[in-house]
file work_9.txt (compact mmCIF, C-alpha atoms and all ligand atoms)
# COMPACT_ATOMS: atom_id res chain seq x y z
CA MET A 1121 -28.45 14.58 -7.80
CA SER A 1122 -27.21 11.42 -6.11
CA LEU A 1123 -26.09 11.44 -2.50
CA ALA A 1124 -22.54 10.64 -3.45
CA GLU A 1125 -22.50 13.69 -5.67
CA GLN A 1126 -23.95 15.91 -2.98
CA ALA A 1127 -21.32 14.89 -0.47
CA ALA A 1128 -18.38 14.91 -2.85
CA PRO A 1129 -15.98 17.82 -3.01
CA GLU A 1130 -17.04 20.42 -5.55
CA SER A 1131 -13.99 20.93 -7.66
CA PHE A 1132 -11.29 18.63 -8.95
CA SER A 1133 -8.23 20.50 -9.94
CA ASN A 1134 -6.82 17.26 -11.32
CA ALA A 1135 -9.86 16.27 -13.38
CA PRO A 1136 -8.15 15.17 -16.58
CA SER A 1137 -9.61 16.06 -19.92
CA LYS A 1138 -7.03 13.74 -21.44
CA PRO A 1139 -5.82 10.34 -20.25
CA SER A 1140 -2.74 10.48 -18.07
CA LEU A 1141 0.44 8.58 -18.86
CA VAL A 1142 1.56 8.54 -15.23
CA GLY A 1143 1.41 5.08 -13.69
CA LEU A 1144 1.27 3.14 -16.96
CA THR A 1145 3.42 0.06 -17.53
CA ARG A 1146 5.81 -0.07 -20.48
CA ALA A 1147 3.16 -2.01 -22.40
CA GLY A 1148 0.57 0.64 -21.51
CA LEU A 1149 2.85 3.43 -22.73
CA ALA A 1150 3.50 1.54 -25.96
CA ASP A 1151 -0.25 1.23 -26.56
CA ALA A 1152 -0.73 4.95 -25.89
CA LEU A 1153 1.99 5.78 -28.40
CA ARG A 1154 0.43 3.48 -31.00
CA GLU A 1155 -2.91 5.24 -30.50
CA ILE A 1156 -1.38 8.50 -31.70
CA GLY A 1157 0.15 6.86 -34.73
CA THR A 1158 3.76 6.47 -33.58
CA PRO A 1159 5.56 4.21 -36.08
CA GLU A 1160 6.25 0.73 -34.69
CA ARG A 1161 10.03 1.10 -35.17
CA GLU A 1162 10.07 4.11 -32.82
CA ILE A 1163 7.94 2.66 -30.04
CA ARG A 1164 10.72 1.08 -27.96
CA MET A 1165 12.83 4.21 -27.97
CA ARG A 1166 9.88 6.50 -27.19
CA VAL A 1167 8.73 4.26 -24.34
CA SER A 1168 12.24 4.44 -22.82
CA GLN A 1169 12.25 8.21 -23.10
CA LEU A 1170 8.82 8.64 -21.53
CA TRP A 1171 9.66 6.13 -18.83
CA HIS A 1172 12.76 8.01 -17.79
CA TRP A 1173 11.04 11.40 -17.68
CA ILE A 1174 7.98 10.16 -15.85
CA TYR A 1175 9.55 7.80 -13.32
CA PHE A 1176 13.14 8.93 -12.93
CA HIS A 1177 12.65 12.69 -13.19
CA GLY A 1178 9.00 12.85 -12.08
CA VAL A 1179 8.24 15.62 -14.62
CA ARG A 1180 4.85 17.30 -14.62
CA ASN A 1181 4.78 18.55 -18.18
CA PHE A 1182 5.82 17.36 -21.61
CA ASP A 1183 7.96 20.44 -22.29
CA ALA A 1184 10.45 19.24 -19.69
CA MET A 1185 11.22 16.16 -21.81
CA LEU A 1186 14.31 17.65 -23.37
CA ASN A 1187 15.43 14.77 -25.57
CA VAL A 1188 11.98 14.40 -27.15
CA SER A 1189 11.46 16.46 -30.32
CA LYS A 1190 9.25 19.52 -30.03
CA ALA A 1191 6.76 18.09 -32.52
CA MET A 1192 6.45 14.88 -30.53
CA ARG A 1193 6.05 16.80 -27.26
CA GLN A 1194 3.24 18.79 -28.78
CA LYS A 1195 1.53 15.69 -30.08
CA LEU A 1196 1.79 14.02 -26.68
CA ALA A 1197 0.37 17.09 -24.96
CA GLU A 1198 -2.53 17.23 -27.41
CA HIS A 1199 -3.64 13.70 -26.55
CA PHE A 1200 -2.38 12.96 -23.06
CA SER A 1201 -1.70 14.53 -19.71
CA LEU A 1202 0.76 13.87 -16.89
CA ALA A 1203 -1.97 14.23 -14.26
CA ARG A 1204 -1.35 12.32 -11.08
CA ALA A 1205 -3.05 11.93 -7.76
CA GLU A 1206 -3.01 14.93 -5.45
CA VAL A 1207 -2.52 15.26 -1.74
CA VAL A 1208 -5.66 16.88 -0.34
CA GLU A 1209 -4.68 16.69 3.30
CA GLU A 1210 -1.41 16.19 5.12
CA GLN A 1211 -0.84 15.44 8.78
CA VAL A 1212 2.64 15.33 10.24
CA SER A 1213 3.17 13.49 13.52
CA ALA A 1214 5.57 14.62 16.22
CA ASP A 1215 7.75 11.61 15.28
CA GLY A 1216 7.92 12.65 11.61
CA THR A 1217 5.35 10.15 10.37
CA ARG A 1218 3.20 11.70 7.67
CA LYS A 1219 -0.31 10.73 6.70
CA TRP A 1220 -1.71 11.91 3.42
CA LEU A 1221 -5.23 11.78 2.13
CA ILE A 1222 -4.71 11.28 -1.56
CA ARG A 1223 -7.31 11.93 -4.21
CA MET A 1224 -6.85 10.06 -7.44
CA ALA A 1225 -7.38 11.66 -10.82
CA PRO A 1226 -10.94 10.78 -11.88
CA VAL A 1227 -10.94 7.88 -14.34
CA ASP A 1228 -13.86 9.34 -16.34
CA LYS A 1229 -16.31 12.22 -16.11
CA PHE A 1230 -18.61 10.30 -13.75
CA ASP A 1231 -15.81 9.40 -11.34
CA LYS A 1232 -15.14 11.80 -8.48
CA GLY A 1233 -11.64 10.47 -7.91
CA ALA A 1234 -11.05 7.73 -5.35
CA GLU A 1235 -9.57 8.76 -2.03
CA VAL A 1236 -7.12 6.67 -0.06
CA GLU A 1237 -4.76 7.20 2.79
CA CYS A 1238 -1.08 6.65 2.58
CA VAL A 1239 1.47 6.80 5.40
CA TYR A 1240 5.17 7.67 5.33
CA ILE A 1241 7.42 6.48 8.16
CA PRO A 1242 10.94 7.93 8.27
CA GLU A 1243 13.75 6.21 10.16
CA ALA A 1244 17.46 7.00 10.31
CA ASP A 1245 18.49 4.64 7.51
CA ARG A 1246 15.26 4.16 5.59
CA GLY A 1247 11.90 5.62 4.68
CA THR A 1248 8.89 3.35 4.40
CA LEU A 1249 5.78 4.18 2.44
CA CYS A 1250 2.65 2.28 3.39
CA VAL A 1251 0.43 2.17 0.31
CA SER A 1252 -3.19 1.19 -0.27
CA SER A 1253 -4.35 -1.32 -2.86
CA GLN A 1254 -8.10 -0.78 -2.54
CA VAL A 1255 -10.48 1.88 -1.34
CA GLY A 1256 -11.80 0.19 1.80
CA CYS A 1257 -11.69 -3.60 2.15
CA THR A 1258 -14.29 -6.35 1.80
CA LEU A 1259 -12.79 -8.65 4.39
CA ASN A 1260 -14.07 -7.28 7.70
CA CYS A 1261 -11.35 -8.41 10.07
CA THR A 1262 -12.91 -7.57 13.41
CA PHE A 1263 -9.98 -5.51 14.75
CA CYS A 1264 -9.47 -3.39 11.61
CA HIS A 1265 -10.99 0.01 10.98
CA THR A 1266 -10.58 -0.17 7.19
CA GLY A 1267 -12.82 -3.23 7.12
CA THR A 1268 -15.72 -1.13 8.41
CA GLN A 1269 -15.62 1.21 5.41
CA ARG A 1270 -18.58 0.68 3.10
CA LEU A 1271 -17.23 1.95 -0.13
CA VAL A 1272 -14.89 -0.56 -1.76
CA ARG A 1273 -13.18 -0.68 -5.11
CA ASN A 1274 -9.86 -1.85 -6.50
CA LEU A 1275 -7.27 0.79 -7.27
CA THR A 1276 -5.85 0.74 -10.78
CA THR A 1277 -2.12 0.31 -11.35
CA PRO A 1278 -1.66 4.06 -12.00
CA GLU A 1279 -3.52 4.83 -8.78
CA ILE A 1280 -1.21 2.57 -6.79
CA VAL A 1281 1.92 3.95 -8.49
CA SER A 1282 0.71 7.53 -8.01
CA GLN A 1283 0.98 7.10 -4.25
CA LEU A 1284 4.76 6.74 -4.49
CA ILE A 1285 5.02 9.56 -7.02
CA VAL A 1286 3.11 12.08 -4.92
CA ALA A 1287 4.95 10.95 -1.78
CA ARG A 1288 8.30 11.56 -3.46
CA GLU A 1289 7.12 14.94 -4.70
CA ARG A 1290 6.02 15.91 -1.20
CA LEU A 1291 9.35 14.77 0.20
CA GLY A 1292 11.26 16.70 -2.45
CA ASP A 1293 12.71 13.45 -3.72
CA PHE A 1294 12.85 14.01 -7.49
CA PRO A 1295 15.76 15.74 -9.24
CA GLY A 1296 15.42 19.51 -8.86
CA LEU A 1297 13.05 19.44 -5.86
CA THR A 1298 13.99 20.37 -2.29
CA PRO A 1299 12.94 18.31 0.74
CA PRO A 1300 10.73 20.00 3.37
CA ASP A 1301 12.93 21.55 5.97
CA ASN A 1302 12.21 19.71 9.22
CA GLY A 1303 15.17 17.36 9.34
CA LEU A 1304 13.04 14.24 9.78
CA ILE A 1305 13.45 12.81 6.30
CA PRO A 1306 16.32 10.34 6.01
CA SER A 1307 19.10 11.61 3.80
CA GLY A 1308 22.79 11.07 3.13
CA GLU A 1309 24.99 8.97 0.90
CA GLY A 1310 22.97 6.05 -0.48
CA VAL A 1311 19.94 6.78 1.72
CA ARG A 1312 16.66 7.38 -0.07
CA ALA A 1313 13.65 9.26 1.25
CA VAL A 1314 11.46 6.31 0.25
CA SER A 1315 13.49 3.09 0.28
CA ASN A 1316 10.78 0.61 1.27
CA ILE A 1317 7.17 0.02 0.32
CA VAL A 1318 4.67 -2.02 2.28
CA PHE A 1319 1.19 -2.84 0.99
CA MET A 1320 -0.24 -2.39 4.46
CA GLY A 1321 -2.55 0.54 3.88
CA MET A 1322 -6.17 0.09 2.91
CA GLY A 1323 -7.33 -3.05 1.18
CA GLU A 1324 -6.40 -6.64 0.50
CA PRO A 1325 -3.67 -6.55 -2.16
CA LEU A 1326 -4.21 -10.12 -3.32
CA TYR A 1327 -7.82 -9.31 -4.20
CA ASN A 1328 -6.35 -6.86 -6.70
CA PHE A 1329 -3.60 -9.13 -7.92
CA GLU A 1330 -2.80 -7.92 -11.44
CA ASN A 1331 -2.75 -4.24 -10.54
CA VAL A 1332 -0.56 -4.84 -7.50
CA ARG A 1333 1.80 -7.06 -9.51
CA ASP A 1334 2.13 -4.41 -12.25
CA ALA A 1335 2.68 -1.66 -9.66
CA VAL A 1336 5.49 -3.72 -8.08
CA GLU A 1337 7.01 -4.05 -11.56
CA ILE A 1338 6.94 -0.26 -12.03
CA PHE A 1339 8.26 0.47 -8.51
CA SER A 1340 11.22 -1.84 -9.06
CA ASP A 1341 12.19 -0.92 -12.62
CA GLY A 1342 15.85 0.13 -12.56
CA ASP A 1343 15.41 2.90 -15.16
CA GLY A 1344 12.74 4.67 -13.15
CA LEU A 1345 11.65 4.51 -9.53
CA SER A 1346 14.25 1.83 -8.91
CA LEU A 1347 13.22 0.28 -5.60
CA SER A 1348 14.63 -3.11 -4.70
CA LYS A 1349 11.99 -5.89 -4.81
CA ARG A 1350 13.32 -7.14 -1.50
CA ARG A 1351 12.17 -3.87 -0.03
CA ILE A 1352 8.64 -4.15 -1.38
CA THR A 1353 6.39 -6.17 0.91
CA VAL A 1354 2.88 -7.33 0.10
CA SER A 1355 0.82 -8.08 3.20
CA THR A 1356 -2.12 -10.45 2.94
CA SER A 1357 -4.75 -11.68 5.32
CA GLY A 1358 -4.31 -15.08 3.65
CA VAL A 1359 -5.69 -15.32 0.12
CA VAL A 1360 -4.08 -18.73 -0.34
CA PRO A 1361 -4.68 -19.32 -4.08
CA GLU A 1362 -2.87 -16.08 -4.98
CA ILE A 1363 0.17 -16.47 -2.73
CA GLU A 1364 2.13 -18.75 -5.04
CA ARG A 1365 1.36 -16.46 -7.96
CA LEU A 1366 2.67 -13.46 -6.07
CA GLY A 1367 6.04 -15.14 -5.58
CA ALA A 1368 6.19 -16.46 -9.13
CA GLU A 1369 4.99 -13.34 -10.95
CA SER A 1370 6.22 -10.46 -8.82
CA GLY A 1371 9.04 -11.55 -6.55
CA ALA A 1372 7.88 -9.16 -3.82
CA ALA A 1373 8.45 -10.02 -0.18
CA LEU A 1374 5.48 -11.62 1.57
CA ALA A 1375 3.86 -10.75 4.89
CA ILE A 1376 1.04 -12.78 6.39
CA SER A 1377 -1.46 -11.33 8.85
CA LEU A 1378 -1.68 -14.39 11.07
CA HIS A 1379 -2.92 -12.98 14.41
CA ALA A 1380 -4.04 -16.32 15.86
CA VAL A 1381 -2.68 -19.84 16.19
CA ARG A 1382 -6.01 -21.71 16.32
CA ASP A 1383 -8.62 -21.80 13.56
CA GLU A 1384 -11.50 -21.22 15.94
CA LEU A 1385 -10.03 -17.85 17.02
CA ARG A 1386 -8.65 -16.88 13.61
CA ASP A 1387 -12.10 -17.51 12.11
CA ARG A 1388 -13.36 -14.72 14.38
CA LEU A 1389 -10.48 -12.27 13.92
CA VAL A 1390 -9.85 -12.80 10.20
CA PRO A 1391 -13.07 -14.25 8.76
CA LEU A 1392 -11.27 -15.26 5.54
CA ASN A 1393 -9.76 -18.04 7.65
CA LYS A 1394 -13.01 -19.98 7.28
CA LYS A 1395 -12.21 -20.30 3.61
CA TYR A 1396 -8.44 -20.76 3.92
CA PRO A 1397 -7.56 -22.18 7.34
CA ILE A 1398 -4.18 -21.92 9.07
CA LYS A 1399 -2.84 -25.24 7.82
CA GLU A 1400 -3.41 -24.36 4.15
CA LEU A 1401 -2.06 -20.87 4.69
CA LEU A 1402 1.17 -22.13 6.24
CA GLN A 1403 1.58 -24.71 3.47
CA ALA A 1404 1.37 -21.88 0.92
CA CYS A 1405 4.12 -20.12 2.89
CA ARG A 1406 6.30 -23.25 2.88
CA ASP A 1407 5.85 -23.37 -0.90
CA TYR A 1408 6.39 -19.62 -1.46
CA PRO A 1409 8.75 -19.21 -4.42
CA GLY A 1410 11.94 -17.46 -3.42
CA ALA A 1411 11.54 -17.66 0.37
CA SER A 1412 14.88 -18.37 2.06
CA ASN A 1413 16.75 -17.37 5.18
CA ALA A 1414 17.83 -14.24 3.34
CA ARG A 1415 14.27 -13.57 2.16
CA ARG A 1416 12.06 -14.39 5.10
CA ILE A 1417 8.30 -14.26 5.24
CA THR A 1418 6.99 -11.81 7.84
CA PHE A 1419 4.22 -13.01 10.13
CA GLU A 1420 2.20 -10.20 11.63
CA TYR A 1421 0.50 -10.77 14.94
CA VAL A 1422 -1.67 -8.05 16.46
CA MET A 1423 -1.62 -8.09 20.27
CA LEU A 1424 -5.21 -8.16 21.57
CA LYS A 1425 -5.68 -8.08 25.31
CA GLY A 1426 -6.94 -11.38 26.70
CA VAL A 1427 -7.72 -12.66 23.19
CA ASN A 1428 -4.56 -14.02 21.57
CA ASP A 1429 -1.73 -12.91 23.88
CA SER A 1430 -1.03 -15.80 26.28
CA PRO A 1431 2.40 -17.47 26.69
CA ALA A 1432 0.87 -20.74 25.44
CA GLU A 1433 -0.11 -18.98 22.20
CA ALA A 1434 3.41 -17.57 21.84
CA ARG A 1435 4.84 -21.09 22.16
CA GLU A 1436 2.31 -22.43 19.67
CA LEU A 1437 3.21 -19.65 17.24
CA VAL A 1438 6.86 -20.65 17.35
CA ARG A 1439 5.93 -24.31 16.89
CA LEU A 1440 3.67 -23.58 13.91
CA LEU A 1441 6.34 -21.58 12.09
CA LYS A 1442 9.03 -24.23 12.47
CA GLY A 1443 10.65 -24.92 9.10
CA ILE A 1444 9.42 -21.70 7.48
CA PRO A 1445 12.02 -18.95 6.93
CA ALA A 1446 10.11 -16.44 9.05
CA LYS A 1447 10.26 -13.10 10.82
CA ILE A 1448 7.67 -12.36 13.48
CA ASN A 1449 6.23 -8.90 13.87
CA LEU A 1450 4.16 -8.28 16.99
CA ILE A 1451 1.92 -5.26 16.41
CA PRO A 1452 0.44 -3.51 19.44
CA PHE A 1453 -3.27 -3.18 18.63
CA ASN A 1454 -4.14 0.34 17.51
CA PRO A 1455 -7.49 1.22 19.00
CA TRP A 1456 -10.08 3.15 17.02
CA PRO A 1457 -13.39 4.61 18.21
CA GLY A 1458 -15.83 1.80 18.93
CA ALA A 1459 -13.27 -1.00 18.48
CA PRO A 1460 -14.27 -4.21 20.29
CA TYR A 1461 -10.70 -4.92 21.50
CA GLU A 1462 -7.98 -3.41 23.64
CA CYS A 1463 -4.23 -3.53 23.23
CA SER A 1464 -2.43 -6.10 25.41
CA ASP A 1465 -0.60 -4.69 28.44
CA TRP A 1466 3.04 -3.90 27.93
CA GLY A 1467 4.13 -6.64 30.36
CA THR A 1468 2.10 -9.23 28.45
CA ILE A 1469 3.61 -8.12 25.15
CA GLU A 1470 7.08 -8.38 26.68
CA LYS A 1471 6.44 -11.92 27.93
CA PHE A 1472 5.09 -12.94 24.53
CA SER A 1473 8.00 -11.33 22.76
CA ASP A 1474 10.55 -13.01 25.09
CA ILE A 1475 9.23 -16.43 24.15
CA VAL A 1476 9.44 -15.54 20.47
CA PHE A 1477 12.90 -13.98 20.95
CA ASN A 1478 14.23 -17.03 22.82
CA ALA A 1479 13.12 -19.17 19.90
CA GLY A 1480 15.54 -17.20 17.69
CA TYR A 1481 13.47 -14.35 16.24
CA ALA A 1482 15.08 -10.88 16.56
CA SER A 1483 13.36 -7.76 17.99
CA PRO A 1484 9.82 -8.76 17.17
CA VAL A 1485 7.72 -5.85 18.52
CA ARG A 1486 6.81 -3.11 16.10
CA THR A 1487 7.07 0.37 17.62
CA PRO A 1488 3.84 2.20 17.04
CA ARG A 1489 4.44 5.28 14.86
CA GLY A 1490 2.29 8.28 14.14
CA ARG A 1491 -0.27 7.42 16.82
CA ASP A 1492 -1.06 11.09 17.38
CA ILE A 1493 -2.35 11.36 13.83
CA LEU A 1494 -4.09 7.95 13.71
CA ALA A 1495 -1.64 6.82 11.07
CA ALA A 1496 -0.95 3.33 12.34
CA CYS A 1497 -1.91 0.01 10.80
CA GLY A 1498 -5.59 -0.70 10.53
CA GLN A 1499 -6.65 2.83 11.34
CA LEU A 1500 -6.80 4.09 7.83
CA LYS A 1501 -10.24 5.09 6.80
CA SER A 1502 -10.69 8.30 4.96
CA GLU A 1503 -12.24 11.30 6.65
CA THR A 1504 -14.15 12.02 3.49
CA GLU A 1505 -15.74 8.61 3.61
CA LYS A 1506 -16.89 9.43 7.14
CA LEU A 1507 -18.31 12.75 5.95
CA ARG A 1508 -20.12 11.01 3.13
CA ALA A 1509 -21.51 8.41 5.51
CA ARG A 1510 -22.73 11.22 7.73
CA ALA A 1511 -24.37 12.95 4.75
CA ARG A 1512 -26.00 9.62 3.82
CA MET A 1513 -27.31 9.17 7.34
CA ALA A 1514 -28.61 12.72 7.45
CA ALA A 1515 -30.41 12.17 4.15
CA GLU A 1516 -31.90 8.89 5.42
CA LEU A 1517 -33.30 10.74 8.44
CA ASP A 1518 -34.90 13.44 6.30
N1 LIG A 1601 -5.25 -6.44 4.00
C1 LIG A 1601 -3.88 -6.71 4.21
C2 LIG A 1601 -3.01 -5.49 4.26
C3 LIG A 1601 -3.55 -4.27 4.95
S1 LIG A 1601 -3.73 -4.39 6.70
C4 LIG A 1601 -3.70 -7.54 5.47
O1 LIG A 1601 -4.65 -7.70 6.22
O2 LIG A 1601 -2.61 -8.04 5.66
C5 LIG A 1601 -2.05 -4.21 7.28
C6 LIG A 1601 -1.78 -4.82 8.63
O3 LIG A 1601 -2.40 -4.05 9.68
C7 LIG A 1601 -2.32 -6.23 8.78
O4 LIG A 1601 -1.38 -7.07 9.41
C8 LIG A 1601 -3.51 -6.00 9.66
O5 LIG A 1601 -3.90 -7.18 10.28
C9 LIG A 1601 -3.01 -4.94 10.59
N2 LIG A 1601 -4.05 -4.25 11.35
C10 LIG A 1601 -5.31 -3.99 10.96
N3 LIG A 1601 -5.97 -3.31 11.92
C11 LIG A 1601 -5.11 -3.13 12.94
C12 LIG A 1601 -5.20 -2.47 14.20
N4 LIG A 1601 -6.30 -1.85 14.58
N5 LIG A 1601 -4.11 -2.48 14.99
C13 LIG A 1601 -2.96 -3.07 14.58
N6 LIG A 1601 -2.82 -3.68 13.41
C14 LIG A 1601 -3.87 -3.73 12.59
FE1 LIG A 1602 -8.92 -5.86 5.08
FE2 LIG A 1602 -6.41 -6.26 6.00
FE3 LIG A 1602 -8.21 -4.77 7.39
FE4 LIG A 1602 -8.53 -7.42 7.21
S1 LIG A 1602 -6.82 -6.35 8.20
S2 LIG A 1602 -10.14 -5.85 6.96
S3 LIG A 1602 -7.81 -7.82 5.15
S4 LIG A 1602 -7.34 -4.28 5.39
call {"tool": "encode", "arguments": {"input": "work_9.txt", "output": "structure tokens"}}
result
Amino acid sequence: MSLAEQAAPESFSNAPSKPSLVGLTRAGLADALREIGTPEREIRMRVSQLWHWIYFHGVRNFDAMLNVSKAMRQKLAEHFSLARAEVVEEQVSADGTRKWLIRMAPVDKFDKGAEVECVYIPEADRGTLCVSSQVGCTLNCTFCHTGTQRLVRNLTTPEIVSQLIVARERLGDFPGLTPPDNGLIPSGEGVRAVSNIVFMGMGEPLYNFENVRDAVEIFSDGDGLSLSKRRITVSTSGVVPEIERLGAESGAALAISLHAVRDELRDRLVPLNKKYPIKELLQACRDYPGASNARRITFEYVMLKGVNDSPAEARELVRLLKGIPAKINLIPFNPWPGAPYECSDWGTIEKFSDIVFNAGYASPVRTPRGRDILAACGQLKSETEKLRARARMAAELD
């Protein structure tokens, strides 16, 4: 038995014996229907029906698909499932932030089901879901906990989409479900439990371009999950060659993890900078299709004590971004055990933010949310992965 098997959970209630239709694109659903011999002239109509039941209603079984004939429902159930990811652990912060450990349906009988973390942040007028695009990350930014995780793989489109589906189920946000009763989920006329999505969980989304692009397409489809593309933000550490493609092929909003204004420092914080330095990165932002004053690019800047937080760096930041329709987001560093940095003092952050504010950028400091449950940016790293690492270490010592 391999170590991974030893350390993995024993049972998978969601282990599918049949492929799941949840998370497929329209083209994927059409292919699935063809596989079971659906006549070509019916495909479009059947895809629309399935789409509506899966993404608008969030149904869990084929019998609920009332406008699909009984024979067709039976045939679908014989060949496919509606299995989706499952929440295996939930933590709710005092401020209403929720962190879920989500286990994906295994892709085949050898797969144990990838695990990722996903964070939900409720505010009065919006709810933001922070989704993961990979298990772990290969990029090793020195201030980020995810980058220290050894296990890395891309999530499939269904695995990315599943995060929103299980979040909405948990929040009682599909027709017929009731929200959990703690009053912290935004509600009211025109307010949705999940109105915004940020790809700021685990992983580098632009290293998983096609799957992220297709997931954005599914999130924003008006007949299903129906999120506005303007409210879907893809955050990248600066994979320059894919930035233009993101704008052209997905139309999602762009966020750049800048964190430093000089190459020498950015090389250390975000090692990918050695490949794509600041000048090239900012040129890609200037050229980003669809960026305008109404659709600004967000620049994230993590505040690291004594490293990148001087007034001179704030002024240089403003100078560098001149001419780019930009928002600046100062993120207080979220410490994790063994991290080689500290968060800047509050006074230093205020000084930095004043300089940025006086240059015309509104309220640039991001309030840390869910700190009590380690749910903030860069802290996501699954517990299970830690347990597995421990099991691996124990076995190495044997
Ligand atoms: N890989 C992508 C998206 C995931 S990281 C990226 O790097 O942009 C999401 C954001 O969290 C990034 O801006 C990242 O730099 C930031 N981040 C990572 N670790 C952090 C930490 N410990 N404290 C604060 N922000 C952090
Ligand atoms: Fe990866 Fe983003 Fe973390 Fe860097 S900050 S290691 S790119 S997840």
call {"tool": "residues_around", "arguments": {"input": "work_9.txt", "residues": "Tyr1175 (chain A)", "least_positions_apart": "3", "cutoff": "9 Å", "atoms": "only C-alpha atoms", "output": "ChimeraX atom specification"}}
result
/A:1142-1143,1170-1172,1178-1179,1285,1338-1339,1343-1346
call {"tool": "residues_around", "arguments": {"input": "work_9.txt", "residues": "Leu1385 (chain A)", "least_positions_apart": "5", "cutoff": "12 Å", "atoms": "only C-alpha atoms", "output": "NGL selection string"}}
result
:A and (1261-1262 or 1378-1380 or 1390-1394 or 1397-1398 or 1424 or 1427-1429 or 1433)
call {"tool": "residues_near_ligand", "arguments": {"input": "work_9.txt", "ligand": "ligand LIG 1601 (chain A)", "cutoff": "7 Å", "atoms": "all atoms listed in the file", "output": "list in words"}}
result
Phe1263, Cys1264, His1265, Phe1319, Met1320, Gly1321, Met1322, Gly1323, Glu1324, Pro1325, Ser1355, Thr1356, Ser1357, Ile1376, Ser1377, Glu1420, Tyr1421, Val1422, Ile1451, Pro1452, Phe1453, Asn1454, Pro1455, Trp1456, Cys1497, Gly1498 and Gln1499 of chain A
call {"tool": "closest_residue", "arguments": {"input": "work_9.txt", "among": "A:Leu1149, A:Val1251, A:Ile1417, A:Val1236", "to": "Gly1367 (chain A)", "atoms": "all atoms listed in the file"}}
result
A:Ile1417
call {"tool": "closest_residue", "arguments": {"input": "work_9.txt", "among": "A:Leu1304, A:Ile1448, A:Val1255, A:Val1188", "to": "ligand LIG 1602 (chain A)", "atoms": "all atoms listed in the file"}}
result
A:Val1255
call {"tool": "closest_residue", "arguments": {"input": "work_9.txt", "among": "A:Arg1270, A:Lys1471, A:His1177, A:Arg1146", "to": "Phe1294 (chain A)", "atoms": "only C-alpha atoms"}}
result
A:His1177
